[in-house]
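Visitor: Structure in structure tokens, see below.
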Amino acid sequence: MKVTLPLRSRIYLVITALVGITVMGGLLMIWYTHRIEGVLTTIIEKNLSAYETANSLETALVHQKGYLSYYFQDGDIEWLRQMAKYRELFASRLQEADQITGNGKQRQILEEIKSEYARYTEGKDQVIAYYEAGERTKGADLHKEVRKHFFILMDLCEEYKQMHTEQIMAAKSQSLTEAAGLRVTAVAAMIGGMLLAVALLVILVSQILQPVN
């Protein structure tokens, strides 16, 4: 025996489905808005800030190297003052990086930067001491060795910066993937709503309007 739902039940069922699809679509949009907000916050407040800090580390490091070379050429003490200023800048940026860097590979790279920078500044101070004492040959020889630490530091800073670049790109890729999924869901909801609207129209026409006519 074929079981047929009453007309009222069929109408209520279709309307309920339409309302359900509309509500679910709205809730999905609200969830996605909060999700995107979280992704953007992560990119802007953490990864982008860390990227800029790493870039500042490289800049401050390059300036330190240049000023010592200038001092070697003309002996002007002003170059050492400028170098000290960029040392303070490097230390400040390193402290910022220490506060925003979590555990894992990034923390390991940052600790390596700290250790290598300590060796680098110690060697540069010794080079300056040789220059000030008039032992330019010893200073020049040690200066060559110190440059090795400089290039190691530059590689570490670049690696640290690249890691944050990858995280930014990963967050971007994640947001694009979720956006694509949302579009598919929205299209499916639209199609489902249209089909239910057609079904409601068919019920109204065939079960109500035709008998009335």
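Chain labels follow the order of the structure tokens: the first chain is A, the next B, and so on; residue numbering restarts at 1 in every chain, and ligands are counted from 1 in their shown order.
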Name all residues at most 12 Å from segment 63-79 of chain A (count only C-alpha atoms; drop same-chain ones fewer than 5 positions away) and give them as number ranges by chain.

Guide: A: 56-58, 84-90, 117, 120-121, 123-137, 139-140, 143-144, 146-151, 153-154

Visitor: Kindly export the residues of the current selection with N, CA, C and O atoms, as a compact mmCIF listing (two decimals), in the first residue's frame.

Guide:
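Resulting contents of again.txt:
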# COMPACT_ATOMS: atom_id res chain seq x y z
N SER A 56 64.79 43.03 9.38
CA SER A 56 65.52 44.06 10.12
C SER A 56 66.84 43.51 10.67
O SER A 56 67.84 44.24 10.74
N LEU A 57 66.83 42.24 11.07
CA LEU A 57 68.07 41.62 11.55
C LEU A 57 69.12 41.62 10.45
O LEU A 57 70.29 41.96 10.69
N GLU A 58 68.71 41.25 9.25
CA GLU A 58 69.66 41.25 8.13
C GLU A 58 70.20 42.65 7.85
O GLU A 58 71.40 42.83 7.64
N ALA A 84 77.81 50.76 16.67
CA ALA A 84 77.21 50.50 17.97
C ALA A 84 75.69 50.73 17.92
O ALA A 84 74.91 49.99 18.54
N LYS A 85 75.27 51.72 17.15
CA LYS A 85 73.84 51.99 17.01
C LYS A 85 73.12 50.81 16.36
O LYS A 85 72.04 50.40 16.80
N TYR A 86 73.74 50.23 15.34
CA TYR A 86 73.11 49.10 14.67
C TYR A 86 73.23 47.82 15.48
O TYR A 86 72.43 46.90 15.31
N ARG A 87 74.22 47.77 16.36
CA ARG A 87 74.27 46.64 17.29
C ARG A 87 73.07 46.68 18.23
O ARG A 87 72.47 45.64 18.52
N GLU A 88 72.76 47.87 18.72
CA GLU A 88 71.60 48.02 19.58
C GLU A 88 70.32 47.66 18.83
O GLU A 88 69.41 47.02 19.38
N LEU A 89 70.24 48.08 17.57
CA LEU A 89 69.07 47.75 16.76
C LEU A 89 68.95 46.24 16.57
O LEU A 89 67.86 45.67 16.67
N PHE A 90 70.08 45.58 16.30
CA PHE A 90 70.07 44.14 16.10
C PHE A 90 69.62 43.44 17.39
O PHE A 90 68.79 42.52 17.35
N TYR A 117 75.85 35.13 16.60
CA TYR A 117 76.02 36.58 16.73
C TYR A 117 76.95 36.91 17.90
O TYR A 117 77.74 37.88 17.83
N TYR A 120 80.31 36.42 16.62
CA TYR A 120 80.61 37.46 15.63
C TYR A 120 81.00 38.77 16.31
O TYR A 120 82.01 39.39 15.95
N THR A 121 80.23 39.22 17.29
CA THR A 121 80.53 40.47 17.98
C THR A 121 81.82 40.36 18.80
O THR A 121 82.58 41.33 18.89
N GLY A 123 84.40 38.54 18.04
CA GLY A 123 85.50 38.64 17.08
C GLY A 123 85.68 40.07 16.58
O GLY A 123 86.82 40.55 16.44
N LYS A 124 84.60 40.78 16.35
CA LYS A 124 84.71 42.16 15.87
C LYS A 124 85.32 43.08 16.92
O LYS A 124 86.10 43.98 16.60
N ASP A 125 84.94 42.85 18.16
CA ASP A 125 85.54 43.64 19.25
C ASP A 125 87.04 43.42 19.31
O ASP A 125 87.81 44.36 19.56
N GLN A 126 87.47 42.19 19.08
CA GLN A 126 88.90 41.91 19.08
C GLN A 126 89.59 42.58 17.89
O GLN A 126 90.70 43.09 18.00
N VAL A 127 88.91 42.59 16.74
CA VAL A 127 89.45 43.27 15.56
C VAL A 127 89.63 44.76 15.85
O VAL A 127 90.67 45.36 15.53
N ILE A 128 88.62 45.37 16.46
CA ILE A 128 88.71 46.79 16.81
C ILE A 128 89.86 47.04 17.77
O ILE A 128 90.60 48.03 17.64
N ALA A 129 90.02 46.14 18.74
CA ALA A 129 91.12 46.29 19.70
C ALA A 129 92.48 46.24 19.00
O ALA A 129 93.38 47.02 19.32
N TYR A 130 92.61 45.35 18.03
CA TYR A 130 93.86 45.29 17.27
C TYR A 130 94.09 46.58 16.48
O TYR A 130 95.20 47.12 16.44
N TYR A 131 93.02 47.08 15.85
CA TYR A 131 93.15 48.32 15.07
C TYR A 131 93.54 49.49 15.97
O TYR A 131 94.39 50.31 15.62
N GLU A 132 92.90 49.56 17.12
CA GLU A 132 93.18 50.67 18.03
C GLU A 132 94.60 50.58 18.61
O GLU A 132 95.21 51.60 18.93
N ALA A 133 95.10 49.36 18.74
CA ALA A 133 96.45 49.17 19.25
C ALA A 133 97.52 49.33 18.17
O ALA A 133 98.72 49.22 18.45
N GLY A 134 97.08 49.57 16.95
CA GLY A 134 98.02 49.74 15.86
C GLY A 134 98.47 48.44 15.22
O GLY A 134 99.32 48.44 14.32
N GLU A 135 97.91 47.32 15.63
CA GLU A 135 98.28 46.01 15.07
C GLU A 135 97.34 45.71 13.90
O GLU A 135 96.49 44.82 13.96
N ARG A 136 97.51 46.43 12.84
CA ARG A 136 96.59 46.35 11.70
C ARG A 136 96.67 45.01 10.98
O ARG A 136 95.67 44.53 10.44
N THR A 137 97.85 44.41 10.97
CA THR A 137 97.97 43.12 10.30
C THR A 137 97.16 42.05 11.01
O THR A 137 96.40 41.29 10.38
N GLY A 139 94.70 42.63 13.00
CA GLY A 139 93.29 43.01 12.87
C GLY A 139 92.72 42.59 11.52
O GLY A 139 91.59 42.09 11.43
N ALA A 140 93.50 42.80 10.46
CA ALA A 140 93.04 42.45 9.12
C ALA A 140 92.86 40.94 8.98
O ALA A 140 91.89 40.45 8.38
N HIS A 143 89.88 39.96 10.92
CA HIS A 143 88.70 40.49 10.24
C HIS A 143 88.21 39.52 9.16
O HIS A 143 87.01 39.32 8.96
N LYS A 144 89.14 38.88 8.47
CA LYS A 144 88.76 37.90 7.45
C LYS A 144 88.04 36.71 8.07
O LYS A 144 87.09 36.17 7.50
N VAL A 146 86.38 36.78 10.91
CA VAL A 146 85.09 37.24 11.42
C VAL A 146 84.05 37.28 10.31
O VAL A 146 82.86 37.05 10.54
N ARG A 147 84.48 37.59 9.10
CA ARG A 147 83.54 37.65 7.97
C ARG A 147 82.83 36.31 7.75
O ARG A 147 81.69 36.27 7.28
N LYS A 148 83.49 35.22 8.09
CA LYS A 148 82.87 33.90 7.95
C LYS A 148 81.62 33.81 8.84
O LYS A 148 80.59 33.28 8.42
N HIS A 149 81.74 34.35 10.06
CA HIS A 149 80.59 34.35 10.96
C HIS A 149 79.48 35.24 10.41
O HIS A 149 78.29 34.94 10.59
N PHE A 150 79.88 36.32 9.75
CA PHE A 150 78.89 37.20 9.15
C PHE A 150 78.04 36.47 8.11
O PHE A 150 76.81 36.55 8.13
N PHE A 151 78.69 35.75 7.23
CA PHE A 151 77.94 35.05 6.18
C PHE A 151 77.10 33.91 6.74
O PHE A 151 76.01 33.62 6.23
N LEU A 153 75.72 34.04 9.70
CA LEU A 153 74.58 34.75 10.27
C LEU A 153 73.57 35.16 9.20
O LEU A 153 72.35 35.04 9.40
N MET A 154 74.07 35.64 8.09
CA MET A 154 73.17 36.04 7.01
C MET A 154 72.35 34.85 6.51
O MET A 154 71.15 34.97 6.25

Visitor: Mind checking which residues fall within 10 Å of Glu112 of chain A, counting only C-alpha atoms, ignoring those fewer than 3 positions away in the same chain, and posting them as number ranges by chain?

Guide: A: 106-109, 115-118, 152-153, 156-157

Visitor: Include C-alpha atoms and write out the residues we just selected as a compact mmCIF listing (two decimals), in the first residue's frame.

Guide:
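The resulting file, selection-v8.txt, is shown below:
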# COMPACT_ATOMS: atom_id res chain seq x y z
CA GLN A 106 62.09 28.42 14.30
CA ARG A 107 63.25 28.45 17.91
CA GLN A 108 66.24 26.32 16.96
CA ILE A 109 67.24 28.72 14.17
CA SER A 115 75.07 31.94 19.45
CA GLU A 116 76.61 32.89 16.11
CA TYR A 117 76.02 36.58 16.73
CA ALA A 118 77.78 36.35 20.11
CA ILE A 152 76.79 32.24 8.47
CA LEU A 153 74.58 34.75 10.27
CA LEU A 156 70.59 31.84 9.30
CA CYS A 157 68.61 35.09 9.15

Visitor: In Å, how far is it from atom CA of Thr165 of chain A to atom CA of Leu48 of chain A?

Guide: 8.0 Å

Visitor: Counting only C-alpha atoms, what is within 9 Å of Ala54 of chain A, bar same-chain residues fewer than 5 positions away, as a list in words?

Guide: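 My reading of the contact set: Ser49, Thr59, Arg93, Leu94, Ala97, Cys157, Glu158, Tyr160, Lys161 and His164 of chain A.
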
Visitor: Taking 6 positions as the minimum chain separation for residues in the same chain, which residues sit within 10 Å of Thr22 of chain A when counting only C-alpha atoms? Answer as a list in words.

Guide: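 After dropping sequence-adjacent residues, the list is Thr16, Leu28, Ala189, Met190 and Gly193 of chain A.
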
Visitor: Between atom CA of Ala171 of chain A and atom CA of Lys114 of chain A, what distance in Å does the model show, to one decimal?

Guide: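 Those two atoms sit 27.8 Å apart.
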
Visitor: One decimal, Å: what's the distance from atom CA of Gln167 of chain A over to atom CA of Gly181 of chain A, could you say?

Guide: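 Separating atom CA of Gln167 of chain A from atom CA of Gly181 of chain A is a distance of 21.0 Å.
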
Visitor: If we count only C-alpha atoms and set the cut-off at 9 Å, which residues sit around Ile11 of chain A, ignoring sequence neighbours fewer than 5 positions away in its own chain? Please answer as number ranges by chain.

Guide: A: 6, 16, 200, 203-204

Visitor: Quick one: of A:Ala17, A:Met194, A:Ile30, A:Ala91, who's nearest to Leu61 of chain A, counting only C-alpha atoms?

Guide: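 Of A:Ala17, A:Met194, A:Ile30, A:Ala91, the one nearest Leu61 of chain A, counting only C-alpha atoms, is A:Ala91.
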
Visitor: Kindly indicate which residue among A:Leu176, A:Leu142, A:Leu110, A:Ile168 lies nearest to Tyr51 of chain A, using only C-alpha atoms for the distances.

Guide: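 The closest residue to Tyr51 of chain A is A:Ile168.
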